[in-house]
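Peer 1: I'd like to ask you about the structure that follows.
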Amino acid sequence: MKFERVRSARGRRLSSTRWLQRQLNDPYVQAAKRDGYRSRAAFKLLHIDERFELLTPGKRVVDLGAAPGGWTQIAVERVESEDAAKSVVAIDILEMEPLAGAEILVGDIEDEDAVARLRKAIGAPVDLVLSDMATSTTGHASTDHLRTLALAEAAFVFACEVLLPGGGFVTKVFQGADEPALFEAMTKRFESVRRFKPKASRSDSVELFLVGTGFKDAG
Ligand SMILES: C[S@@+](CC[C@H](N)C(=O)[O-])C[C@H]1O[C@@H](n2cnc3c(N)ncnc32)[C@H](O)[C@@H]1O
């Protein structure tokens with residue numbers, strides 16, 4: 001692959017020049033463009049699914065922190081079956097472009113009214129809860145770790161309310177001192193819990209995913 005240099009870096013801050021250079025040279029950014037995915041994050045879910053085989057036709061899925069929608073696209077592609085019109089319900093604080101096969105809500109997972117709307121949209125228990133939620137990073141590692149972990153914990157609480165027995169849960173976390181507590185809590189509600197870093201997750205990022213399978217109904 002040819003290395004692309006940012007043509008005019010003049011007037012741009014060093015951090016944004018670096019960001020742009022990384023985007024231009026990132027094979028997953030290019031692959032997302034080629035394959036019509038809305039984000040490079042789509043490949044993280046593809047890698048997670050290659051390893052854990054969570055998304056199969058007919059499954060019902062909730063996607064938390066879904067915008068711009070790469071994970072939602074993958075989920076729709078993989079669970080779509082003839083009799084299930086909208087098997088994927090997605091939510092984000094940010095507006096998201098409509099996507100055939102998914103019901104999309106705007107709301108904050110930490111807000112009770114939004115969660116009530118989400119529950120209503122889901123209706124019946126689901127097979128899989130996905131969360132790629134993250135707040136915008138501050139650059140202060142422990143603050144970013146704790147803020148993202150709070151979202152992962154909210155996703156876990158929500159998953160425990162809506163999952164079918166045997167269901168699955170995937171959540172993004174940032175490595176750090178408090179992540180083992182969430183891992184431990186998940187082991188009480190799932191038959192198996194694994195840490196997984198997809199190939200598309202940047203090696204210099206502290207991001208990883210916790211994957212719980214075999215949801216146990218009674219905690
Ligand atoms: C890494 S992006 C998700 C990318 C997405 N999975 C994709 O494939 O395109 C993280 C998302 O989490 C959302 N988010 C952060 N806090 C949230 C909250 N409290 N409730 C809902 N979404 C939230 C952000 O708005 C952002 O769109």
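Quick note on naming: the chains in the structure tokens go A, B, ... in the order shown, residues restart at 1 in each chain, and ligands are numbered from 1 in order of appearance.
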If you count only C-alpha atoms, which residues fall within 9 Å of Phe183 (chain A), apart from same-chain ones fewer than 5 positions away, as a PyMOL selection string?

Peer 2: chain A and resi 193-195+210

Peer 1: Select the residues contacting ligand 1 at a distance of at most 6 Å, based on only C-alpha atoms and all ligand atoms, then format the selection as a ChimeraX atom specification.

Peer 2: /A:39,41-42,65-71,92-94,107-110,132-135

Peer 1: Selected residues, N, CA and C atoms, written as a compact mmCIF listing (two decimals), in the first residue's frame, please.

Peer 2:
# COMPACT_ATOMS: atom_id res chain seq x y z
N SER A 39 -18.23 3.13 8.99
CA SER A 39 -17.09 3.39 9.87
C SER A 39 -16.11 2.23 9.80
N ALA A 41 -14.99 0.97 12.33
CA ALA A 41 -15.37 0.14 13.47
C ALA A 41 -16.12 -1.12 13.03
N ALA A 42 -16.75 -1.06 11.85
CA ALA A 42 -17.48 -2.24 11.35
C ALA A 42 -16.58 -3.47 11.38
N GLY A 65 -24.79 2.83 21.36
CA GLY A 65 -23.70 3.70 20.91
C GLY A 65 -23.40 3.39 19.46
N ALA A 66 -24.44 3.46 18.63
CA ALA A 66 -24.36 2.86 17.28
C ALA A 66 -23.85 3.78 16.18
N ALA A 67 -23.91 5.11 16.40
CA ALA A 67 -23.58 6.04 15.32
C ALA A 67 -22.08 6.01 14.96
N PRO A 68 -21.71 6.16 13.71
CA PRO A 68 -22.57 6.40 12.54
C PRO A 68 -23.26 5.15 11.99
N GLY A 69 -22.92 3.95 12.50
CA GLY A 69 -23.73 2.80 12.10
C GLY A 69 -23.01 1.62 11.50
N GLY A 70 -21.69 1.58 11.58
CA GLY A 70 -20.94 0.44 11.02
C GLY A 70 -21.35 -0.89 11.66
N TRP A 71 -21.44 -0.91 12.98
CA TRP A 71 -21.82 -2.16 13.67
C TRP A 71 -23.26 -2.53 13.29
N ASP A 92 -28.19 5.90 19.88
CA ASP A 92 -27.01 6.74 20.11
C ASP A 92 -27.49 8.13 20.54
N ILE A 93 -26.63 8.84 21.25
CA ILE A 93 -26.95 10.23 21.59
C ILE A 93 -27.02 11.05 20.30
N LEU A 94 -26.19 10.66 19.34
CA LEU A 94 -26.14 11.40 18.08
C LEU A 94 -27.17 10.88 17.09
N GLY A 107 -30.91 8.79 21.83
CA GLY A 107 -31.07 8.88 23.28
C GLY A 107 -29.81 8.48 24.01
N ASP A 108 -29.79 8.86 25.28
CA ASP A 108 -28.63 8.61 26.14
C ASP A 108 -28.93 7.40 27.01
N ILE A 109 -28.04 6.40 26.95
CA ILE A 109 -28.27 5.16 27.68
C ILE A 109 -28.27 5.39 29.21
N GLU A 110 -27.75 6.53 29.62
CA GLU A 110 -27.74 6.82 31.05
C GLU A 110 -28.99 7.62 31.47
N ASP A 132 -20.59 -0.43 21.70
CA ASP A 132 -19.30 0.15 21.29
C ASP A 132 -19.24 1.58 21.84
N MET A 133 -20.03 1.83 22.89
CA MET A 133 -20.13 3.20 23.41
C MET A 133 -18.80 3.70 23.97
N ALA A 134 -18.52 4.96 23.68
CA ALA A 134 -17.35 5.62 24.24
C ALA A 134 -17.62 7.11 24.26
N THR A 135 -17.11 7.78 25.25
CA THR A 135 -17.22 9.25 25.24
C THR A 135 -16.03 9.78 24.46

Peer 1: Find the nearest atom pair between each residue of region 41-89 of chain A and region 155-170 of chain A for residues within 10 Å, count only C-alpha atoms, give distances in Å to one decimal, sort rows by chain and ascending number, and present the table as JSON lines.

Peer 2:
{"residue": "A:Leu45", "atom": "CA", "partner": "A:Val170", "partner_atom": "CA", "distance": 9.3}
{"residue": "A:Ile48", "atom": "CA", "partner": "A:Val170", "partner_atom": "CA", "distance": 8.8}
{"residue": "A:Phe52", "atom": "CA", "partner": "A:Gly168", "partner_atom": "CA", "distance": 9.7}
{"residue": "A:Leu54", "atom": "CA", "partner": "A:Gly168", "partner_atom": "CA", "distance": 7.1}
{"residue": "A:Leu55", "atom": "CA", "partner": "A:Gly168", "partner_atom": "CA", "distance": 9.7}
{"residue": "A:Lys59", "atom": "CA", "partner": "A:Gly167", "partner_atom": "CA", "distance": 9.8}
{"residue": "A:Arg60", "atom": "CA", "partner": "A:Leu163", "partner_atom": "CA", "distance": 9.8}
{"residue": "A:Val61", "atom": "CA", "partner": "A:Gly168", "partner_atom": "CA", "distance": 9.5}
{"residue": "A:Val62", "atom": "CA", "partner": "A:Ala159", "partner_atom": "CA", "distance": 8.9}
{"residue": "A:Asp63", "atom": "CA", "partner": "A:Val170", "partner_atom": "CA", "distance": 9.6}
{"residue": "A:Leu64", "atom": "CA", "partner": "A:Ala155", "partner_atom": "CA", "distance": 7.4}
{"residue": "A:Gly65", "atom": "CA", "partner": "A:Ala155", "partner_atom": "CA", "distance": 9.6}

Peer 1: I need the residue nearest Leu182 (chain A) from this list: A:Ala154, A:Ala100, A:Val206, A:Val76. Use only C-alpha atoms for the distance.

Peer 2: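 Among A:Ala154, A:Ala100, A:Val206, A:Val76, it is A:Ala154 that comes nearest to Leu182 (chain A).
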
Peer 1: Find the residue from A:His140, A:Leu146, A:Ala152, A:Val89 that sits nearest to Ile122 (chain A); use only C-alpha atoms when measuring.

Peer 2: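 Of the candidates, the smallest distance to Ile122 (chain A) is held by A:Val89.
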
Peer 1: Using only C-alpha atoms, which residue out of A:Ala200, A:Ala32, A:Ala102, A:Val211 lies closest to Met186 (chain A)?

Peer 2: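 For Met186 (chain A), the nearest of the given residues is A:Val211.
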